[in-house]
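*Asks:* My file is protein.csv. It has CSV, C-alpha atoms:
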```csv
chain,number,residue,atom,x,y,z
A,1283,MET,CA,-211.8,-78.5,254.7
A,1284,CYS,CA,-210.1,-78.6,258.1
A,1285,LEU,CA,-209.9,-75.3,260.0
A,1286,ASN,CA,-206.3,-74.8,261.2
A,1287,LYS,CA,-206.8,-72.7,264.3
A,1288,LYS,CA,-203.1,-73.1,265.0
A,1289,ALA,CA,-202.5,-70.7,262.1
A,1290,ILE,CA,-204.1,-67.8,264.1
A,1291,PRO,CA,-201.0,-67.1,266.4
A,1292,ALA,CA,-198.7,-67.3,263.4
A,1293,HIS,CA,-200.6,-64.6,261.4
A,1294,ARG,CA,-202.1,-62.5,264.2
A,1295,LYS,CA,-199.5,-62.4,267.0
A,1296,ALA,CA,-196.0,-60.9,267.3
A,1297,ASP,CA,-193.2,-61.6,269.8
A,1298,VAL,CA,-191.0,-58.6,270.7
A,1299,ALA,CA,-188.1,-57.9,272.9
A,1300,ILE,CA,-188.7,-54.4,274.3
A,1301,ILE,CA,-186.0,-52.2,275.8
A,1302,LEU,CA,-187.4,-49.4,278.0
A,1303,LYS,CA,-185.6,-46.1,278.5
A,1304,ASP,CA,-186.5,-42.8,280.1
A,1305,VAL,CA,-186.5,-39.5,278.4
A,1306,SER,CA,-182.8,-39.0,279.2
A,1307,GLY,CA,-182.0,-42.3,277.6
A,1308,HIS,CA,-181.3,-44.1,280.8
A,1309,ILE,CA,-182.1,-47.8,280.9
A,1310,MET,CA,-185.2,-48.6,283.1
A,1311,ALA,CA,-183.8,-51.6,284.9
A,1312,ASN,CA,-185.8,-53.8,287.3
A,1313,THR,CA,-188.9,-51.8,286.7
A,1314,PRO,CA,-192.5,-53.1,287.0
A,1315,VAL,CA,-194.5,-52.2,283.9
A,1316,THR,CA,-198.0,-52.9,282.7
A,1317,VAL,CA,-198.7,-53.7,279.1
A,1318,ARG,CA,-202.3,-53.3,277.9
A,1319,GLN,CA,-203.9,-53.8,274.5
A,1320,LEU,CA,-206.0,-50.9,273.2
A,1321,ARG,CA,-207.2,-52.2,269.9
A,1322,HIS,CA,-206.7,-54.8,267.2
A,1323,LYS,CA,-204.7,-54.2,264.0
A,1324,PHE,CA,-207.2,-56.6,262.3
A,1325,LEU,CA,-210.3,-54.6,261.3
A,1326,PHE,CA,-213.5,-55.9,263.0
A,1327,GLY,CA,-216.2,-53.8,261.5
A,1328,CYS,CA,-219.8,-53.1,260.9
A,1329,ASN,CA,-221.8,-50.5,259.0
A,1330,ILE,CA,-222.9,-47.7,261.2
A,1331,PHE,CA,-225.7,-46.2,259.2
A,1332,PRO,CA,-228.2,-45.9,262.1
A,1333,LEU,CA,-225.8,-43.8,264.2
A,1334,ASP,CA,-227.2,-40.4,265.3
A,1335,GLU,CA,-224.8,-38.9,267.8
A,1336,GLN,CA,-227.3,-36.1,268.6
A,1337,ASP,CA,-230.0,-38.7,269.7
A,1338,THR,CA,-230.0,-39.2,273.4
A,1339,SER,CA,-232.6,-41.9,273.5
A,1340,GLU,CA,-232.0,-45.1,275.4
A,1341,SER,CA,-232.1,-47.1,272.2
A,1342,GLN,CA,-229.5,-45.0,270.5
A,1343,ARG,CA,-227.3,-45.0,273.6
A,1344,ALA,CA,-227.5,-48.8,273.7
A,1345,TYR,CA,-226.7,-49.0,270.0
A,1346,GLN,CA,-223.6,-46.7,270.4
A,1347,GLU,CA,-222.3,-48.5,273.4
A,1348,GLN,CA,-222.5,-52.0,272.0
A,1349,PHE,CA,-221.0,-50.8,268.7
A,1350,ALA,CA,-218.0,-49.3,270.4
A,1351,VAL,CA,-217.4,-52.3,272.7
A,1352,LEU,CA,-217.1,-54.7,269.8
A,1353,PHE,CA,-215.8,-52.9,266.7
A,1354,ASN,CA,-212.8,-50.9,265.6
A,1355,TYR,CA,-214.0,-50.2,262.0
A,1356,ALA,CA,-217.1,-48.6,260.7
A,1357,THR,CA,-218.6,-48.2,257.2
A,1358,LEU,CA,-220.3,-44.8,256.6
A,1359,PRO,CA,-223.0,-44.2,253.9
A,1360,PHE,CA,-221.9,-42.2,250.9
A,1361,TYR,CA,-224.5,-43.4,248.4
A,1362,TRP,CA,-224.6,-40.6,245.9
A,1363,GLY,CA,-228.4,-40.3,245.5
A,1364,SER,CA,-228.9,-39.9,249.2
A,1365,TYR,CA,-225.7,-38.0,250.0
A,1366,GLU,CA,-226.4,-35.3,247.4
A,1367,THR,CA,-230.2,-35.2,247.0
A,1368,THR,CA,-230.0,-31.7,245.4
A,1369,GLU,CA,-227.1,-31.1,243.1
A,1370,GLY,CA,-224.3,-29.2,244.9
A,1371,HIS,CA,-225.9,-29.7,248.4
A,1372,THR,CA,-224.4,-32.7,250.2
A,1373,ASP,CA,-224.7,-34.4,253.6
A,1374,GLU,CA,-221.1,-33.7,254.4
A,1375,ASN,CA,-221.7,-32.2,257.8
A,1376,ARG,CA,-223.6,-35.2,259.1
A,1377,LEU,CA,-221.0,-37.6,257.7
A,1378,ARG,CA,-218.3,-35.6,259.3
A,1379,ARG,CA,-220.0,-35.8,262.7
A,1380,MET,CA,-220.4,-39.6,262.2
A,1381,ALA,CA,-216.7,-39.9,261.3
A,1382,LYS,CA,-215.7,-37.9,264.4
A,1383,TRP,CA,-217.8,-40.0,266.7
A,1384,CYS,CA,-215.9,-43.0,265.3
A,1385,LEU,CA,-212.4,-41.4,265.6
A,1386,ASP,CA,-213.1,-40.3,269.1
A,1387,ARG,CA,-213.5,-43.9,270.1
A,1388,GLY,CA,-210.6,-45.4,268.2
A,1389,ILE,CA,-212.9,-46.7,265.4
A,1390,ALA,CA,-211.5,-46.3,261.8
A,1391,PRO,CA,-214.2,-45.0,259.5
A,1392,LYS,CA,-214.6,-46.1,255.9
A,1393,GLY,CA,-216.6,-44.4,253.1
A,1394,HIS,CA,-219.0,-46.5,251.0
A,1395,PRO,CA,-219.3,-46.2,248.0
A,1396,LEU,CA,-217.8,-43.5,245.7
A,1397,CYS,CA,-219.1,-45.0,242.4
A,1398,TRP,CA,-222.1,-47.3,242.1
A,1399,HIS,CA,-224.9,-47.9,239.6
A,1400,ASP,CA,-227.6,-48.0,242.3
A,1401,VAL,CA,-228.9,-45.2,244.4
A,1402,ALA,CA,-228.2,-42.7,241.6
A,1403,PRO,CA,-229.0,-39.0,242.1
A,1404,ALA,CA,-232.4,-38.1,240.8
A,1405,TRP,CA,-231.1,-34.8,239.4
A,1406,ARG,CA,-229.0,-36.6,236.8
A,1407,VAL,CA,-232.1,-36.8,234.5
A,1408,GLY,CA,-231.6,-34.6,231.4
A,1409,LYS,CA,-227.8,-34.7,231.6
A,1410,SER,CA,-225.7,-36.4,229.0
A,1411,LEU,CA,-223.4,-39.4,229.7
A,1412,ASP,CA,-220.4,-37.2,229.2
A,1413,GLU,CA,-221.7,-34.7,231.8
A,1414,MET,CA,-222.5,-37.5,234.2
A,1415,ARG,CA,-219.1,-39.2,233.7
A,1416,ALA,CA,-217.4,-35.9,234.5
A,1417,LEU,CA,-219.6,-35.3,237.5
A,1418,GLN,CA,-219.0,-38.8,238.8
A,1419,MET,CA,-215.3,-38.5,238.7
A,1420,ASN,CA,-215.4,-35.0,240.2
A,1421,ARG,CA,-217.6,-36.4,242.9
A,1422,ILE,CA,-214.8,-38.9,243.8
A,1423,THR,CA,-212.2,-36.2,244.0
A,1424,ARG,CA,-214.5,-34.0,246.1
A,1425,GLU,CA,-215.3,-36.6,248.7
A,1426,VAL,CA,-211.9,-38.1,249.1
A,1427,SER,CA,-210.1,-34.7,249.3
A,1428,ARG,CA,-212.6,-33.2,251.7
A,1429,PHE,CA,-212.5,-36.1,254.1
A,1430,LYS,CA,-208.7,-36.7,253.8
A,1431,GLY,CA,-207.3,-37.4,257.3
A,1432,ILE,CA,-210.8,-38.1,258.6
A,1433,ILE,CA,-211.8,-41.0,256.3
A,1434,ASP,CA,-208.9,-42.7,254.6
A,1435,VAL,CA,-210.4,-45.9,253.5
A,1436,TRP,CA,-212.9,-46.0,250.6
A,1437,ASP,CA,-214.9,-48.5,248.5
A,1438,VAL,CA,-214.0,-46.7,245.3
A,1439,LEU,CA,-216.2,-48.7,242.8
A,1440,ASN,CA,-219.0,-51.0,243.9
A,1441,GLU,CA,-220.2,-54.2,242.1
A,1442,ALA,CA,-218.4,-53.8,238.8
A,1443,VAL,CA,-219.6,-57.2,237.5
A,1444,ALA,CA,-223.3,-56.3,237.5
A,1445,MET,CA,-222.8,-52.6,236.5
A,1446,PRO,CA,-223.1,-53.1,232.7
A,1447,TYR,CA,-226.2,-55.2,233.1
A,1448,PHE,CA,-228.1,-53.5,235.9
A,1449,VAL,CA,-231.8,-52.9,234.9
A,1450,ARG,CA,-233.7,-52.6,238.2
A,1451,ALA,CA,-233.4,-48.8,238.3
A,1452,GLU,CA,-232.4,-46.1,235.8
A,1453,ASN,CA,-228.9,-44.8,236.4
A,1454,HIS,CA,-226.0,-43.3,234.5
A,1455,MET,CA,-223.2,-45.7,235.3
A,1456,THR,CA,-224.6,-48.7,233.5
A,1457,GLU,CA,-224.7,-46.8,230.2
A,1458,ILE,CA,-221.3,-45.2,230.8
A,1459,VAL,CA,-219.5,-48.6,231.3
A,1460,LYS,CA,-221.4,-50.1,228.4
A,1461,ARG,CA,-220.0,-47.3,226.2
A,1462,ASP,CA,-216.5,-46.8,227.7
A,1463,GLY,CA,-215.7,-50.2,229.3
A,1464,VAL,CA,-215.6,-51.3,232.9
A,1465,VAL,CA,-211.8,-51.4,233.4
A,1466,PRO,CA,-211.2,-47.9,232.0
A,1467,ILE,CA,-213.9,-46.5,234.3
A,1468,ILE,CA,-212.4,-48.3,237.3
A,1469,LYS,CA,-208.9,-47.0,236.4
A,1470,GLU,CA,-210.0,-43.4,236.2
A,1471,ALA,CA,-212.0,-43.7,239.4
A,1472,PHE,CA,-209.0,-45.1,241.3
A,1473,ALA,CA,-206.7,-42.5,239.8
A,1474,ARG,CA,-209.0,-39.7,241.0
A,1475,ALA,CA,-209.2,-41.2,244.5
A,1476,ARG,CA,-205.4,-41.7,244.6
A,1477,ASP,CA,-204.7,-38.1,243.5
A,1478,ALA,CA,-207.1,-36.8,246.1
A,1479,ASN,CA,-205.4,-38.8,248.9
A,1480,PRO,CA,-202.2,-40.7,248.1
A,1481,GLU,CA,-202.2,-42.3,251.5
A,1482,ALA,CA,-205.8,-43.7,251.3
A,1483,THR,CA,-206.6,-47.4,251.3
A,1484,LEU,CA,-208.7,-48.0,248.1
A,1485,LEU,CA,-210.9,-51.0,247.6
A,1486,LEU,CA,-212.6,-52.6,244.6
A,1487,ASN,CA,-215.7,-54.2,246.0
A,1488,ASP,CA,-218.2,-56.8,244.7
A,1489,TYR,CA,-220.7,-59.4,245.8
A,1490,ASP,CA,-219.7,-61.7,242.9
A,1491,ASN,CA,-217.1,-63.8,244.6
A,1492,ASN,CA,-216.4,-65.9,241.6
A,1493,GLN,CA,-214.4,-65.9,238.3
A,1494,PRO,CA,-216.2,-62.9,236.7
A,1495,PHE,CA,-215.0,-60.6,239.5
A,1496,ALA,CA,-211.6,-62.3,239.6
A,1497,GLN,CA,-211.2,-61.6,235.9
A,1498,ILE,CA,-212.0,-57.9,236.4
A,1499,VAL,CA,-209.5,-57.7,239.3
A,1500,GLU,CA,-206.8,-59.3,237.1
A,1501,GLN,CA,-207.6,-57.0,234.2
A,1502,CYS,CA,-207.5,-54.0,236.5
A,1503,LEU,CA,-204.1,-55.0,237.9
A,1504,GLU,CA,-202.7,-55.6,234.5
A,1505,ALA,CA,-204.0,-52.1,233.5
A,1506,GLY,CA,-202.1,-50.6,236.4
A,1507,VAL,CA,-205.1,-49.8,238.6
A,1508,SER,CA,-203.8,-49.0,242.2
A,1509,ILE,CA,-206.1,-51.4,244.1
A,1510,ASP,CA,-205.0,-51.6,247.8
A,1511,ALA,CA,-207.5,-54.3,248.9
A,1512,ILE,CA,-210.1,-56.5,247.3
A,1513,GLY,CA,-213.6,-56.2,248.8
A,1514,LEU,CA,-215.8,-59.3,249.1
A,1515,GLN,CA,-219.5,-59.3,250.0
A,1516,SER,CA,-221.6,-62.2,251.2
A,1517,HIS,CA,-225.1,-61.7,252.5
A,1518,MET,CA,-226.0,-65.3,253.4
A,1519,HIS,CA,-229.8,-64.9,253.5
A,1520,ARG,CA,-230.2,-68.4,252.1
A,1521,GLY,CA,-228.0,-69.9,254.8
A,1522,TYR,CA,-224.3,-70.1,255.7
A,1523,MET,CA,-222.2,-71.1,252.7
A,1524,GLY,CA,-219.9,-73.1,254.9
A,1525,ARG,CA,-216.2,-73.0,255.7
A,1526,GLU,CA,-215.0,-74.8,252.6
A,1527,SER,CA,-216.7,-72.2,250.3
A,1528,VAL,CA,-215.4,-69.3,252.4
A,1529,MET,CA,-211.8,-70.6,252.1
A,1530,GLY,CA,-212.3,-71.3,248.4
A,1531,ILE,CA,-213.2,-67.6,247.9
A,1532,CYS,CA,-210.2,-66.5,249.9
A,1533,LYS,CA,-208.0,-68.8,247.8
A,1534,LEU,CA,-209.4,-67.4,244.5
A,1535,PHE,CA,-208.7,-63.8,245.4
A,1536,ALA,CA,-205.5,-64.2,247.5
A,1537,GLN,CA,-203.7,-65.2,244.3
A,1538,PHE,CA,-203.6,-61.4,243.4
A,1539,GLY,CA,-201.4,-60.7,246.4
A,1540,LYS,CA,-203.7,-58.0,247.8
A,1541,PRO,CA,-205.3,-57.9,251.3
A,1542,LEU,CA,-208.9,-59.2,251.4
A,1543,HIS,CA,-211.6,-57.3,253.1
A,1544,TRP,CA,-214.9,-59.1,253.7
A,1545,THR,CA,-216.9,-55.8,253.4
A,1546,GLU,CA,-220.5,-56.9,253.9
A,1547,VAL,CA,-221.2,-60.1,255.8
A,1548,THR,CA,-224.6,-61.3,257.0
A,1549,LEU,CA,-225.7,-64.5,258.7
A,1550,ILE,CA,-229.4,-64.6,259.6
A,1551,SER,CA,-231.1,-65.8,262.8
A,1552,GLY,CA,-234.4,-66.5,261.2
A,1553,ASP,CA,-235.8,-68.7,258.4
A,1554,ALA,CA,-233.7,-68.8,255.2
A,1555,ARG,CA,-235.0,-67.1,252.1
A,1556,PRO,CA,-235.5,-69.4,249.1
A,1557,GLU,CA,-234.3,-66.7,246.6
A,1558,ASN,CA,-231.6,-64.0,246.5
A,1559,ASP,CA,-233.9,-60.9,246.4
A,1560,PHE,CA,-231.9,-58.1,248.1
A,1561,HIS,CA,-234.4,-55.4,247.1
A,1562,THR,CA,-237.8,-56.4,248.5
A,1563,ARG,CA,-238.4,-55.6,252.1
A,1564,ILE,CA,-240.1,-58.3,254.2
A,1565,GLU,CA,-241.9,-57.0,257.3
A,1566,ASP,CA,-242.5,-60.3,259.1
A,1567,TRP,CA,-239.0,-61.8,258.9
A,1568,HIS,CA,-238.0,-62.4,262.5
A,1569,SER,CA,-235.4,-64.2,264.6
A,1570,THR,CA,-236.2,-67.5,266.2
A,1571,LEU,CA,-234.5,-69.1,269.3
A,1572,GLU,CA,-233.3,-71.9,267.1
A,1573,GLY,CA,-232.1,-69.5,264.5
A,1574,GLU,CA,-230.2,-67.4,267.1
A,1575,GLU,CA,-228.3,-70.5,268.3
A,1576,ARG,CA,-227.5,-71.5,264.7
A,1577,GLN,CA,-226.3,-68.0,263.9
A,1578,ALA,CA,-224.0,-67.9,266.9
A,1579,LYS,CA,-222.3,-71.1,265.8
A,1580,GLU,CA,-222.0,-69.9,262.2
A,1581,VAL,CA,-220.5,-66.6,263.3
A,1582,VAL,CA,-217.8,-68.4,265.3
A,1583,ASP,CA,-217.0,-70.6,262.4
A,1584,LEU,CA,-216.9,-67.8,259.8
A,1585,TYR,CA,-214.9,-65.4,261.9
A,1586,THR,CA,-212.4,-68.0,263.0
A,1587,SER,CA,-212.0,-69.2,259.4
A,1588,LEU,CA,-211.3,-65.6,258.2
A,1589,PHE,CA,-209.1,-64.6,261.2
A,1590,ALA,CA,-207.0,-67.7,260.5
A,1591,HIS,CA,-206.4,-66.8,256.8
A,1592,PRO,CA,-203.3,-64.7,256.3
A,1593,SER,CA,-204.7,-62.6,253.4
A,1594,VAL,CA,-207.8,-61.4,255.3
A,1595,GLU,CA,-207.4,-58.0,257.0
A,1596,ALA,CA,-211.0,-57.0,257.7
A,1597,VAL,CA,-214.5,-58.3,258.2
A,1598,THR,CA,-217.5,-56.0,258.3
A,1599,TRP,CA,-220.9,-57.2,259.6
A,1600,TRP,CA,-224.1,-56.0,258.0
A,1601,ASP,CA,-226.2,-54.7,260.1
A,1602,LEU,CA,-225.6,-54.6,263.8
A,1603,THR,CA,-229.4,-54.7,264.6
A,1604,ASP,CA,-232.3,-56.8,263.1
A,1605,GLY,CA,-234.7,-55.4,260.6
A,1606,ILE,CA,-232.7,-52.6,259.0
A,1607,TRP,CA,-231.8,-53.9,255.6
A,1608,ILE,CA,-234.8,-55.4,253.8
A,1609,GLY,CA,-236.2,-56.5,257.1
A,1610,ALA,CA,-233.6,-59.3,257.6
A,1611,PRO,CA,-233.0,-60.8,261.0
A,1612,GLY,CA,-229.3,-60.5,260.3
A,1613,GLY,CA,-228.3,-58.4,263.3
A,1614,LEU,CA,-226.1,-59.3,266.2
A,1615,LEU,CA,-228.6,-57.3,268.3
A,1616,ARG,CA,-232.3,-57.7,268.3
A,1617,GLU,CA,-234.5,-54.7,267.4
A,1618,ASN,CA,-234.8,-53.8,271.1
A,1619,MET,CA,-231.0,-53.6,271.2
A,1620,SER,CA,-230.5,-56.7,273.4
A,1621,PRO,CA,-227.6,-58.8,272.3
A,1622,LYS,CA,-228.1,-62.2,270.6
A,1623,PRO,CA,-225.9,-65.2,271.3
A,1624,ALA,CA,-223.9,-64.3,268.2
A,1625,TYR,CA,-222.9,-60.9,269.7
A,1626,LYS,CA,-221.8,-62.5,272.9
A,1627,GLN,CA,-219.8,-65.2,271.1
A,1628,LEU,CA,-218.1,-62.7,268.8
A,1629,THR,CA,-217.2,-60.5,271.8
A,1630,ASN,CA,-215.7,-63.6,273.5
A,1631,LEU,CA,-213.5,-64.0,270.4
A,1632,ILE,CA,-212.5,-60.4,269.6
A,1633,LYS,CA,-212.1,-59.2,273.2
A,1634,GLY,CA,-211.3,-62.6,274.8
A,1635,GLU,CA,-209.7,-65.4,272.9
A,1636,TRP,CA,-208.0,-63.1,270.4
A,1637,TRP,CA,-207.2,-60.3,272.9
A,1638,SER,CA,-204.0,-59.9,274.9
A,1639,GLY,CA,-205.7,-57.9,277.6
A,1640,GLU,CA,-203.4,-56.6,280.4
A,1641,GLU,CA,-200.1,-58.0,281.7
A,1642,THR,CA,-197.7,-56.9,284.4
A,1643,LEU,CA,-194.0,-57.5,283.7
A,1644,THR,CA,-190.7,-56.4,285.2
A,1645,THR,CA,-187.7,-55.3,283.2
A,1646,ASP,CA,-184.4,-57.2,283.6
A,1647,PRO,CA,-181.2,-55.4,284.6
A,1648,SER,CA,-180.7,-54.3,281.0
A,1649,GLY,CA,-184.2,-52.7,280.8
A,1650,ASN,CA,-185.6,-55.5,278.7
A,1651,ILE,CA,-189.0,-57.3,278.7
A,1652,ARG,CA,-190.2,-60.0,276.3
A,1653,PHE,CA,-193.8,-59.7,275.3
A,1654,SER,CA,-196.0,-61.7,273.0
A,1655,GLY,CA,-199.4,-60.3,272.0
A,1656,VAL,CA,-202.1,-60.0,269.3
A,1657,ARG,CA,-201.1,-57.4,266.7
A,1658,GLY,CA,-202.5,-54.0,267.4
A,1659,ASP,CA,-202.1,-50.8,269.5
A,1660,TYR,CA,-200.8,-51.0,273.0
A,1661,GLU,CA,-200.2,-48.9,276.1
A,1662,ILE,CA,-197.3,-49.5,278.4
A,1663,ALA,CA,-197.3,-47.8,281.9
A,1664,ALA,CA,-194.7,-47.3,284.6
A,1665,PHE,CA,-194.4,-44.9,287.5
A,1666,GLY,CA,-197.7,-43.2,286.6
A,1667,LYS,CA,-196.5,-42.5,283.0
A,1668,ARG,CA,-197.4,-44.2,279.8
A,1669,ALA,CA,-196.2,-44.7,276.3
A,1670,LEU,CA,-198.1,-46.0,273.2
A,1671,PHE,CA,-196.7,-48.5,270.7
A,1672,MET,CA,-197.9,-50.6,267.8
A,1673,LEU,CA,-197.2,-54.3,268.0
A,1674,ASP,CA,-197.0,-55.4,264.4
A,1675,HIS,CA,-193.8,-57.3,263.6
A,1676,SER,CA,-191.7,-59.7,265.7
A,1677,GLY,CA,-188.3,-58.4,266.7
A,1678,PRO,CA,-186.7,-55.7,268.9
A,1679,LEU,CA,-188.5,-52.6,269.9
A,1680,GLU,CA,-187.3,-49.5,271.8
A,1681,ILE,CA,-189.8,-47.5,273.9
A,1682,ILE,CA,-188.8,-44.2,275.5
A,1683,PHE,CA,-191.0,-42.8,278.3
A,1684,GLY,CA,-191.6,-39.0,278.6
A,1685,ARG,CA,-191.3,-38.0,275.0
```
Let me see the file written as structure tokens.
*Replies:*
Amino acid sequence: MCLNKKAIPAHRKADVAIILKDVSGHIMANTPVTVRQLRHKFLFGCNIFPLDEQDTSESQRAYQEQFAVLFNYATLPFYWGSYETTEGHTDENRLRRMAKWCLDRGIAPKGHPLCWHDVAPAWRVGKSLDEMRALQMNRITREVSRFKGIIDVWDVLNEAVAMPYFVRAENHMTEIVKRDGVVPIIKEAFARARDANPEATLLLNDYDNNQPFAQIVEQCLEAGVSIDAIGLQSHMHRGYMGRESVMGICKLFAQFGKPLHWTEVTLISGDARPENDFHTRIEDWHSTLEGEERQAKEVVDLYTSLFAHPSVEAVTWWDLTDGIWIGAPGGLLRENMSPKPAYKQLTNLIKGEWWSGEETLTTDPSGNIRFSGVRGDYEIAAFGKRALFMLDHSGPLEIIFGR
């Protein structure tokens, strides 16, 4: 399948005619102005589980700096079993600090996940299914309402396809969906999240990128579930699936008319694993020089393919550094925090080829400038003053300085 890079400007750029006025409404004619991009509209993300804003070590500082340089989107851990290890006592304060760190740097935080069959709370033992269903739904209401305005994007329910059949660890959700049905549970979970924050972006997320998940999405939409975006995972520990497969997945799920978020993406820089075992940690799984070069090429191909697709709005890498999740060499950084070729290549795309940077223009006698840029947040400066604007759609735009 041919990659149409020419599609990127059509989907990711906008052309605007900007008229500049001062606070009194006067046209700013023949005025030099500087236009500078601040961040992408497209969400380039990564999970940020290792963040410790209170850690001043050299390693943690390097992690934070390299995260903030590249990403404008971060996934925060809300796994119920670790978030609430004792019933009624949550990790809310730490997650608030993590979210604030993100917001202070223009990084949008996302909560993951609100409902999942894995990492279940240990204190559930002895409670009935009815009790646990009520607690699960109340948990959704609690987290979404408490973090409203701080975290406004959520993976509401995770991995619905496997949920009724999960046997690796005891949990409550598998038995609940067996009894009550997957779609009714999803519908109630989304309703709880929507009531708690009507403006939130709510995702249904899964690693099954095939017909079983597509059927659940279709059934949910027919049932009136308010899905805002479809989450797609792909941990390619067995090797890159290739552009044709990536585009096939996008085509399958784009039919529903919802934005697509690739919520968990991994390409490794070591030897491929022969099996899809995502639970057993391997301690001697390391990057190789050959693997790092291969990973860099695959990252460019994957991200270019997804950035060119009009339905894709977000891509989240998993993890930033090697060795975190099951020991996989899937990071963009090595364990010593040095950047791999993939990190550098991705930076060249996100902050280079797909970045408008800074441009100096002069308004015409009518106070107009024409500007073409990558969709996102911008700053425009003149006479030591500045104004902010969102470049999203092509067309006219009026900016008033001094408001």
*Asks:* Kindly indicate which residue among A:Leu1302, A:Ser1638, A:Met1380, A:Phe1429 lies nearest to Val1315 in chain A, using all atoms listed in the file for the distances.
*Replies:*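 Among A:Leu1302, A:Ser1638, A:Met1380, A:Phe1429, it is A:Leu1302 that comes nearest to Val1315 in chain A.
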*Asks:* Counting all atoms listed in the file, find residues at most 12 Å from (-219.1, -74.9, 252.5) (file frame) and give them as number ranges by chain.
*Replies:* A: 1283-1285, 1518, 1521-1531, 1580, 1583-1584, 1587
*Asks:* Between CA of Phe1683 in chain A and CA of Gly1307 in chain A, what is the distance in Å, rounded to a tenth?
*Replies:*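 Separation between CA of Phe1683 in chain A and CA of Gly1307 in chain A: 9.0 Å.
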*Asks:* Here is a test: counting only C-alpha atoms, which residue of A:Phe1653, A:Trp1405, A:Phe1538, A:Phe1331 is nearest to Leu1377 in chain A?
*Replies:* A:Phe1331
*Asks:* Of the candidates A:Pro1395, A:Gly1370, A:Pro1592, A:Gly1609, which shows the shortest atom-to-atom distance to Asp1566 in chain A, using only C-alpha atoms?
*Replies:* A:Gly1609
*Asks:* Around (-207.9, -50.5, 251.8), as given in the file, which residues come within 6 Å? Count all atoms listed in the file and list them as a list of chain:residue names.
*Replies:* A:Val1435, A:Thr1483, A:Leu1484, A:Leu1485, A:Asp1510, A:Ala1511
*Asks:* Hey, can you check how far CA of Gln1319 in chain A sits from CA of Arg1657 in chain A?
*Replies:* 9.0 Å
*Asks:* Using only C-alpha atoms for the distances, tell me which of A:Gln1418, A:Gln1336, A:Ser1620, A:Ser1341 is nearest to Glu1366 in chain A.
*Replies:*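 Counting only C-alpha atoms, the residue closest to Glu1366 in chain A is A:Gln1418.
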*Asks:* Write out as an MDAnalysis selection string the residues lying within 12 Å of Tyr1355 in chain A, counting only C-alpha atoms and excluding same-chain residues fewer than 6 positions away.
*Replies:* chainID A and resid 1321:1330 1349 1381 1383:1385 1387:1393 1433:1435 1543 1545 1595:1599
*Asks:* Counting only C-alpha atoms, which residue out of A:Asp1400, A:Glu1481, A:Asp1297, A:Glu1425 sits closest to Pro1446 in chain A?
*Replies:*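 Nearest to Pro1446 in chain A: A:Asp1400.
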*Asks:* So that I can see what lies close to Glu1340 in chain A, please list as JSON, numbers by chain the residues with an atom at most 12 Å from it, counting all atoms listed in the file and leaving out residues fewer than 4 positions away in the same chain.
*Replies:* {"A": [1344, 1345, 1346, 1347, 1618, 1619, 1620]}
*Asks:* I need the chosen residues saved as a compact mmCIF listing (two decimals), keeping the file's coordinate frame, with C-alpha atoms.
*Replies:*
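Final file, again-v4.txt:
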```txt
# COMPACT_ATOMS: atom_id res chain seq x y z
CA ALA A 1344 -227.50 -48.80 273.70
CA TYR A 1345 -226.70 -49.00 270.00
CA GLN A 1346 -223.60 -46.70 270.40
CA GLU A 1347 -222.30 -48.50 273.40
CA ASN A 1618 -234.80 -53.80 271.10
CA MET A 1619 -231.00 -53.60 271.20
CA SER A 1620 -230.50 -56.70 273.40
```
*Asks:* What does the distance between CA of Glu1680 in chain A and CA of Gly1649 in chain A come to in Å, to one decimal place?
*Replies:* 10.0 Å
*Asks:* Name the closest residue to Met1672 in chain A among the candidates A:Leu1602, A:Cys1532, A:Ile1458, A:Val1656; distances are taken between atoms, counting only C-alpha atoms.
*Replies:* A:Val1656
*Asks:* Reconstruct N, CA and C atoms of range 1381-1388 of chain A from the incomplete input and present them as an mmCIF file, in the frame of the given file.
*Replies:*
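For reference, rebuild_31.cif as written:
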```
data_model
loop_
_atom_site.group_PDB
_atom_site.id
_atom_site.type_symbol
_atom_site.label_atom_id
_atom_site.label_comp_id
_atom_site.auth_asym_id
_atom_site.auth_seq_id
_atom_site.Cartn_x
_atom_site.Cartn_y
_atom_site.Cartn_z
ATOM 1 N N ALA A 1381 -218.122 -39.545 261.378
ATOM 2 C CA ALA A 1381 -216.700 -39.900 261.300
ATOM 3 C C ALA A 1381 -216.002 -39.515 262.627
ATOM 4 N N LYS A 1382 -216.322 -38.329 263.119
ATOM 5 C CA LYS A 1382 -215.700 -37.900 264.400
ATOM 6 C C LYS A 1382 -216.075 -38.734 265.530
ATOM 7 N N TRP A 1383 -217.347 -39.126 265.587
ATOM 8 C CA TRP A 1383 -217.800 -40.000 266.700
ATOM 9 C C TRP A 1383 -216.920 -41.299 266.628
ATOM 10 N N CYS A 1384 -216.691 -41.819 265.453
ATOM 11 C CA CYS A 1384 -215.900 -43.000 265.300
ATOM 12 C C CYS A 1384 -214.427 -42.766 265.783
ATOM 13 N N LEU A 1385 -213.816 -41.723 265.256
ATOM 14 C CA LEU A 1385 -212.400 -41.400 265.600
ATOM 15 C C LEU A 1385 -212.218 -41.192 267.053
ATOM 16 N N ASP A 1386 -213.161 -40.539 267.694
ATOM 17 C CA ASP A 1386 -213.100 -40.300 269.100
ATOM 18 C C ASP A 1386 -213.041 -41.555 269.954
ATOM 19 N N ARG A 1387 -213.484 -42.645 269.373
ATOM 20 C CA ARG A 1387 -213.500 -43.900 270.100
ATOM 21 C C ARG A 1387 -212.557 -44.949 269.523
ATOM 22 N N GLY A 1388 -211.617 -44.488 268.739
ATOM 23 C CA GLY A 1388 -210.600 -45.400 268.200
ATOM 24 C C GLY A 1388 -211.142 -46.305 267.114
#
```
